[in-house]
Structure formats: structure tokens, C-alpha cells
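Below: one structure, written as C-alpha cells.
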Amino acid sequence: MSALLPAWLSAFLSVFDVAAPWALLALPLPLMAARLIPAEPEGGSGALRVPATLVGGARSGADLAARGRRRALLTWTLWIALVVALSGPRLVMPAAALPASGREIMIAMDLSGSMERRDFALDGETVNRLTAVKRVGTDFIRRRAGDRIGLVIFADQAYVAAAPSFDTAAVARALDEATIGISGRSTGIGDGLGLALRRLDPRDAGGDAAGVRPGEKAAKAVILLSDGANNAGQTAPKDVAELAKELGIKVYTIALGPRDMADADGEQDVVDTETLRDMAQASGGEAFRVRTTEDLVRVADAIDRLEGGRALAPPLPLRRDLWPWPAALALLAAAALLASRRGA
């Protein structure tokens, strides 16, 4: 169809469009009304005859004709501008192509008191576990452009720190601003995973999500990081992992810390690697063990590869409304027409 149009018209239509093109059908209505509505018959008996002596100061016929033309011009300007404004003209501004995957990922992060332990190294300095997780985690989130990502924080209680969004920068900022103690100091792994499952969109993508063809489901996953054992909350971690399997959601678990519960020798704040591994296996995901910052970086890269498959999506056209301009012109024409009638 575009091949049949002149080049200038095709270029114009690629930049401008209208939200309601059917409104433009109203443009010829005044002409149709003038043709279809019968004119008032001449010689009516209701005419008022004024003596010529009383109208001596009246304007000349040429002046009246010019005034009539101006009024007609203002009337048509008012009508055309009003109809164009109602049609909703818009300026089309194509955005750059963005990566799209059709994936939805919730990150569930342990924010219990044990995350304060300083047994990780970063840039040659000893830092606490949370600082290392923030550095690696924010970098991982920013790399996931095209995914719908959210963040759940859990300790005594679980809460959503960032709702699932394509705005990966905002989610990374929410992780970077997380503070130990705002949700308690214990570890409710089951509640954290349960809340993450609830916040993943339960509907099939059905082609609405970027990168998902009609009839397909968006791939959903939870990345759960903990450095302790479940000692708070209302749900058992393994039971929630079974629910994740029923929902078709993979759970990747990251056991953080240098010591395991199996060889703790009475030490506190050690990670329950076995439970986290069982959770991952129950859901069809994978379990990872992290003892150093380098391990954490390797795990982030591994999950990034497992949940890869991003590709450039078609550019998304952005539209800027232009209707205020013809609406303002219609308002000015109406004001000028009213002023001309009062000055008559």
C-alpha cells in the first residue's frame, strides 16, 4: 500500500498519525448541511423595514462583504481546527530496539542479621556479606535488560522491595539501598520464597510480554540467596519449593558463607546448604555454593547463561499528542469570531 503513495506522503505518514481518524469524516458536514437543508424562502412577511434616513451611517456594501468573508474564514478555521483536535493528531517517535526475553525473575534475598558478618573480600578489603552481594547482585540485575525483574527481602518477615518491572536500574537501586534490620534479624526462607512466587505474574504471557510468541508462556524463575537456616516464618521451605514446581517456576538457590551447617561444630550463623539444595532440586532448578566473592561472581555468570536467550525486539513507537495545538487555534478562532460579532 505504501508503494502506491507519493514519497512525500509516505514520509509524512511515517512521522504523523491520528488516534481517531474517523473523526475527520466530520470535516465536510457544514457543506453537506448547506446543500441538504433548504434555504429560508424569500419575501417573508416578518421582515422589518427601516427608513433610509436611519441607516445613513451604515457601512458600505464592500465593507459588509469584507466583514462577512472574515467571519466565514474564522468559522471555517474554528470548525477545521476543532475536528482535527478531536481526531487526536500524534507525532510518532520510534524508540531504539530493546533486548527482550519474555522472562520473569524474582530475586529473594536473605537480609537477616548474619549478613553483617565480615568474611568476604572486595577490592582487597574485608567486607560484610551484604556488601559483596550488593556489588555482584546489582551488576547481575543491570545485565538482565529485557527481563521483568523484582526483588523480595526476607528475614523475620518478607516484603517486596521492588515490584516486578522492566526497569532493571530501579530494581538494582532497591537492592543497593537494602538495610539489615528493617525486616528483623532471623531467617524466614519459606516465607521469602512464597512471596516471590506470589509476585510472579500468574497469567500466561499469551504474546503480551516482550519476546513471547502468542500461545507461549513466559519463563519464570526465582533466585533465592541465603546465608543461614530457616528459623522464622509460617511456611516450610521444601513445601514452598514443591509449590514452585507445580507452578512451573524454577528456583535457583545460592548458599552463602564459608561454613555449612553439616560441619559447623556448634558455630552460629552458618548456612543450611542441604535444605537449599533440596529446594532447588524439588523445583527443577539448580543449587549453588558460594564461599568467596569470586564464587559469587561465577554463580551470577552461570545463572545469566542459564536464563539467557535475549534478542533485539522490534522498536516500540512512542507517540506525542499534538491535539492541544489545533484546540488552541479553535479557541482563538472562536474568540475572534465572538469579538467580530460584538463589534458589528
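Ligands are numbered from 1 in the order shown, chains are lettered A, B, ... in the order of the C-alpha cells, and residues start at 1 in each chain.
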Give me, as a Markdown table, the closest atom pair and its distance (Å, one decimal) for every residue of stretch 64-142 of chain A within a cut-off of 9 Å of stretch 220-242 of chain A, counting only C-alpha atoms, rows sorted by chain and rising number.
| residue | atom | partner | partner_atom | distance |
| --- | --- | --- | --- | --- |
| A:Gly102 | CA | A:Lys220 | CA | 8.8 |
| A:Arg103 | CA | A:Lys220 | CA | 5.8 |
| A:Glu104 | CA | A:Lys220 | CA | 4.7 |
| A:Ile105 | CA | A:Ala221 | CA | 4.9 |
| A:Met106 | CA | A:Val222 | CA | 4.8 |
| A:Ile107 | CA | A:Ile223 | CA | 4.8 |
| A:Ala108 | CA | A:Leu224 | CA | 4.6 |
| A:Met109 | CA | A:Leu225 | CA | 5.0 |
| A:Asp110 | CA | A:Ser226 | CA | 4.9 |
| A:Leu111 | CA | A:Ser226 | CA | 8.2 |
| A:Ser112 | CA | A:Gly228 | CA | 8.2 |
| A:Ser114 | CA | A:Asp227 | CA | 7.1 |
| A:Met115 | CA | A:Asp227 | CA | 7.0 |
| A:Arg129 | CA | A:Asp227 | CA | 8.7 |
May I have all residues of stretch 83-306 of chain A that DSSP, computed from the backbone, assigns to alpha helix (DSSP H), given as an NGL selection string?
-> :A and (83-87 or 129-143 or 168-176 or 189-199 or 237-247 or 273-283 or 293-306)
Which distance in Å separates atom CA of A:Ser340 and atom CA of A:Leu322, to one decimal?
-> 28.4 Å
Using only C-alpha atoms, which of the listed residues (A:Thr293, A:Gly190, A:Val271, A:Glu286) sits closest to A:Glu125?
->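 With only C-alpha atoms as the atom set, the closest residue is A:Thr293.
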May I ask which of the residues A:Arg142, A:Arg320, A:Arg289, A:Arg277 is the closest one to A:Ala19, counting only C-alpha atoms?
->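 Among the listed residues, A:Arg320 lies closest to A:Ala19.
Residues with any atom within 8 Å of stretch 290-292 of chain A, counting only C-alpha atoms and excluding same-chain neighbours fewer than 4 positions away, are Phe120, Ala121, Ile254, Ala255, Leu256, Gly257, Pro258, Arg259, Leu296 and Val299 of chain A.
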Include C-alpha atoms and write out the residues we just selected as a PDB file, in the first residue's frame.
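Written output follows (part12.pdb):
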ATOM      1  CA  PHE A 120      34.123 -11.681  52.209  1.00  0.00           C
ATOM      2  CA  ALA A 121      36.775  -9.747  50.294  1.00  0.00           C
ATOM      3  CA  ILE A 254      22.595 -19.770  46.480  1.00  0.00           C
ATOM      4  CA  ALA A 255      24.082 -20.940  49.772  1.00  0.00           C
ATOM      5  CA  LEU A 256      26.269 -18.091  51.001  1.00  0.00           C
ATOM      6  CA  GLY A 257      29.026 -18.327  53.617  1.00  0.00           C
ATOM      7  CA  PRO A 258      32.267 -20.206  54.315  1.00  0.00           C
ATOM      8  CA  ARG A 259      30.764 -22.809  56.694  1.00  0.00           C
ATOM      9  CA  LEU A 296      29.503 -15.265  43.824  1.00  0.00           C
ATOM     10  CA  VAL A 299      27.385 -18.078  40.097  1.00  0.00           C
TER      11      VAL A 299
END
Select, from A:Phe288, A:Pro30, A:Val92, A:Thr275, the residue with the minimum atom-to-atom distance to A:Ala72, counting only C-alpha atoms.
->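 With only C-alpha atoms as the atom set, the closest residue is A:Pro30.
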Excluding A:Ala169 and residues on its chain fewer than 4 positions from it, collect all residues at most 12 Å away from it, counting only C-alpha atoms, and give them as a list of chain:residue names.
->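 Contacts, in chain order: A:Gly137, A:Thr138, A:Asp139, A:Phe140, A:Ile141, A:Arg142, A:Arg143, A:Arg144, A:Ala145, A:Gly146, A:Asp147, A:Arg148, A:Ile149, A:Gly150, A:Ala162, A:Ser165, A:Arg173, A:Ala174, A:Leu175, A:Asp176.
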Generate the output file for the selected residues, all heavy atoms, as a short mmCIF file (atom, residue, chain, number, x, y, z; two decimals), in the first residue's frame.
data_model
loop_
_atom_site.label_atom_id
_atom_site.label_comp_id
_atom_site.auth_asym_id
_atom_site.auth_seq_id
_atom_site.Cartn_x
_atom_site.Cartn_y
_atom_site.Cartn_z
N GLY A 137 25.18 -8.50 42.88
CA GLY A 137 23.76 -8.57 42.54
C GLY A 137 23.30 -7.41 41.68
O GLY A 137 22.53 -7.61 40.72
N THR A 138 23.71 -6.19 41.99
CA THR A 138 23.28 -5.04 41.18
C THR A 138 23.84 -5.15 39.77
O THR A 138 23.15 -4.79 38.79
CB THR A 138 23.74 -3.73 41.83
OG1 THR A 138 25.16 -3.78 42.09
CG2 THR A 138 23.01 -3.47 43.13
N ASP A 139 25.06 -5.65 39.63
CA ASP A 139 25.63 -5.84 38.30
C ASP A 139 24.85 -6.89 37.52
O ASP A 139 24.56 -6.72 36.32
CB ASP A 139 27.10 -6.25 38.41
CG ASP A 139 27.74 -6.47 37.05
OD1 ASP A 139 27.88 -5.50 36.29
OD2 ASP A 139 28.08 -7.64 36.73
N PHE A 140 24.46 -7.98 38.19
CA PHE A 140 23.66 -9.02 37.54
C PHE A 140 22.32 -8.47 37.07
O PHE A 140 21.88 -8.73 35.95
CB PHE A 140 23.43 -10.17 38.51
CG PHE A 140 22.45 -11.20 38.03
CD1 PHE A 140 22.83 -12.19 37.15
CD2 PHE A 140 21.12 -11.16 38.45
CE1 PHE A 140 21.92 -13.14 36.68
CE2 PHE A 140 20.20 -12.09 38.00
CZ PHE A 140 20.60 -13.08 37.12
N ILE A 141 21.65 -7.69 37.92
CA ILE A 141 20.33 -7.16 37.58
C ILE A 141 20.42 -6.22 36.38
O ILE A 141 19.60 -6.28 35.46
CB ILE A 141 19.72 -6.44 38.79
CG1 ILE A 141 19.38 -7.45 39.89
CG2 ILE A 141 18.46 -5.67 38.39
CD1 ILE A 141 18.97 -6.81 41.20
N ARG A 142 21.41 -5.36 36.38
CA ARG A 142 21.54 -4.41 35.26
C ARG A 142 21.83 -5.13 33.95
O ARG A 142 21.47 -4.62 32.87
CB ARG A 142 22.65 -3.40 35.57
CG ARG A 142 22.29 -2.43 36.69
CD ARG A 142 23.29 -1.29 36.78
NE ARG A 142 22.89 -0.33 37.80
CZ ARG A 142 23.38 -0.30 39.02
NH1 ARG A 142 24.29 -1.20 39.40
NH2 ARG A 142 22.97 0.61 39.90
N ARG A 143 22.47 -6.28 34.00
CA ARG A 143 22.74 -7.04 32.77
C ARG A 143 21.48 -7.70 32.21
O ARG A 143 21.49 -8.14 31.06
CB ARG A 143 23.79 -8.13 33.03
CG ARG A 143 25.17 -7.61 33.37
CD ARG A 143 26.23 -8.66 33.04
NE ARG A 143 25.95 -9.96 33.61
CZ ARG A 143 26.51 -10.42 34.74
NH1 ARG A 143 27.34 -9.65 35.43
NH2 ARG A 143 26.23 -11.63 35.19
N ARG A 144 20.43 -7.79 33.02
CA ARG A 144 19.24 -8.53 32.60
C ARG A 144 18.23 -7.63 31.88
O ARG A 144 17.02 -7.83 32.00
CB ARG A 144 18.57 -9.19 33.80
CG ARG A 144 19.42 -10.20 34.53
CD ARG A 144 19.87 -11.33 33.66
NE ARG A 144 18.77 -12.04 33.03
CZ ARG A 144 18.89 -13.12 32.29
NH1 ARG A 144 20.10 -13.60 32.06
NH2 ARG A 144 17.85 -13.69 31.76
N ALA A 145 18.69 -6.65 31.15
CA ALA A 145 17.78 -5.79 30.37
C ALA A 145 16.92 -6.65 29.46
O ALA A 145 17.42 -7.52 28.76
CB ALA A 145 18.58 -4.78 29.56
N GLY A 146 15.63 -6.41 29.46
CA GLY A 146 14.69 -7.21 28.69
C GLY A 146 13.91 -8.19 29.53
O GLY A 146 12.88 -8.71 29.10
N ASP A 147 14.38 -8.47 30.76
CA ASP A 147 13.65 -9.32 31.70
C ASP A 147 12.76 -8.46 32.59
O ASP A 147 13.04 -7.29 32.83
CB ASP A 147 14.62 -10.10 32.60
CG ASP A 147 15.40 -11.16 31.84
OD1 ASP A 147 14.96 -11.52 30.74
OD2 ASP A 147 16.43 -11.60 32.34
N ARG A 148 11.74 -9.09 33.09
CA ARG A 148 10.89 -8.45 34.10
C ARG A 148 11.37 -8.96 35.45
O ARG A 148 11.20 -10.12 35.79
CB ARG A 148 9.42 -8.83 33.85
CG ARG A 148 8.40 -8.07 34.69
CD ARG A 148 7.00 -8.36 34.14
NE ARG A 148 5.98 -7.73 34.96
CZ ARG A 148 5.30 -8.35 35.91
NH1 ARG A 148 5.53 -9.65 36.14
NH2 ARG A 148 4.39 -7.72 36.61
N ILE A 149 12.01 -8.07 36.24
CA ILE A 149 12.70 -8.49 37.45
C ILE A 149 12.09 -7.78 38.66
O ILE A 149 11.71 -6.61 38.60
CB ILE A 149 14.20 -8.18 37.35
CG1 ILE A 149 14.83 -9.04 36.25
CG2 ILE A 149 14.91 -8.43 38.66
CD1 ILE A 149 16.33 -8.93 36.17
N GLY A 150 12.01 -8.52 39.78
CA GLY A 150 11.56 -7.96 41.04
C GLY A 150 12.47 -8.41 42.17
O GLY A 150 13.32 -9.29 41.99
N ALA A 162 11.01 -4.34 45.51
CA ALA A 162 10.83 -3.80 44.16
C ALA A 162 9.86 -4.71 43.42
O ALA A 162 10.13 -5.91 43.27
CB ALA A 162 12.15 -3.70 43.41
N SER A 165 9.43 -5.54 37.30
CA SER A 165 9.46 -4.41 36.38
C SER A 165 10.54 -4.64 35.33
O SER A 165 11.52 -5.37 35.56
CB SER A 165 9.73 -3.12 37.14
OG SER A 165 10.01 -2.04 36.26
N ARG A 173 18.76 -0.45 42.13
CA ARG A 173 18.85 0.59 43.16
C ARG A 173 18.18 0.15 44.45
O ARG A 173 18.68 0.42 45.55
CB ARG A 173 18.21 1.88 42.63
CG ARG A 173 18.37 3.08 43.56
CD ARG A 173 18.05 4.37 42.83
NE ARG A 173 16.73 4.36 42.24
CZ ARG A 173 16.49 4.31 40.93
NH1 ARG A 173 17.50 4.25 40.08
NH2 ARG A 173 15.26 4.34 40.47
N ALA A 174 17.06 -0.58 44.33
CA ALA A 174 16.38 -1.08 45.54
C ALA A 174 17.27 -2.07 46.28
O ALA A 174 17.31 -2.07 47.52
CB ALA A 174 15.05 -1.74 45.15
N LEU A 175 17.99 -2.92 45.54
CA LEU A 175 18.91 -3.85 46.19
C LEU A 175 20.05 -3.10 46.87
O LEU A 175 20.43 -3.42 48.01
CB LEU A 175 19.47 -4.83 45.16
CG LEU A 175 20.59 -5.78 45.64
CD1 LEU A 175 20.11 -6.61 46.82
CD2 LEU A 175 21.07 -6.66 44.50
N ASP A 176 20.57 -2.09 46.21
CA ASP A 176 21.69 -1.35 46.77
C ASP A 176 21.29 -0.57 48.04
O ASP A 176 22.14 -0.29 48.89
CB ASP A 176 22.22 -0.38 45.72
CG ASP A 176 23.56 0.21 46.08
OD1 ASP A 176 24.46 -0.56 46.44
OD2 ASP A 176 23.71 1.44 46.02
#
Smallest atom-to-atom distance to A:Leu193: which of A:Trp76, A:Thr168, A:Ala280, A:Ala132, using only C-alpha atoms?
->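 Residue with the minimum atom-to-atom distance to A:Leu193: A:Ala280.
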Grab the atom CA of A:Leu200 to atom CA of A:Asp295 distance for me, in Å with one decimal place.
-> 27.5 Å
Check the DSSP output for the backbone and give back, as a VMD selection string, the residues of stretch 139-255 of chain A in strand (DSSP E or B).
-> chain A and resid 148 to 154 158 to 165 181 to 182 184 219 to 226 250 to 255
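Closest approach to A:Gly88 from the set A:Asp17, A:Asp123, A:Glu274, A:Glu267 is made by A:Asp17, with distances taken over only C-alpha atoms.
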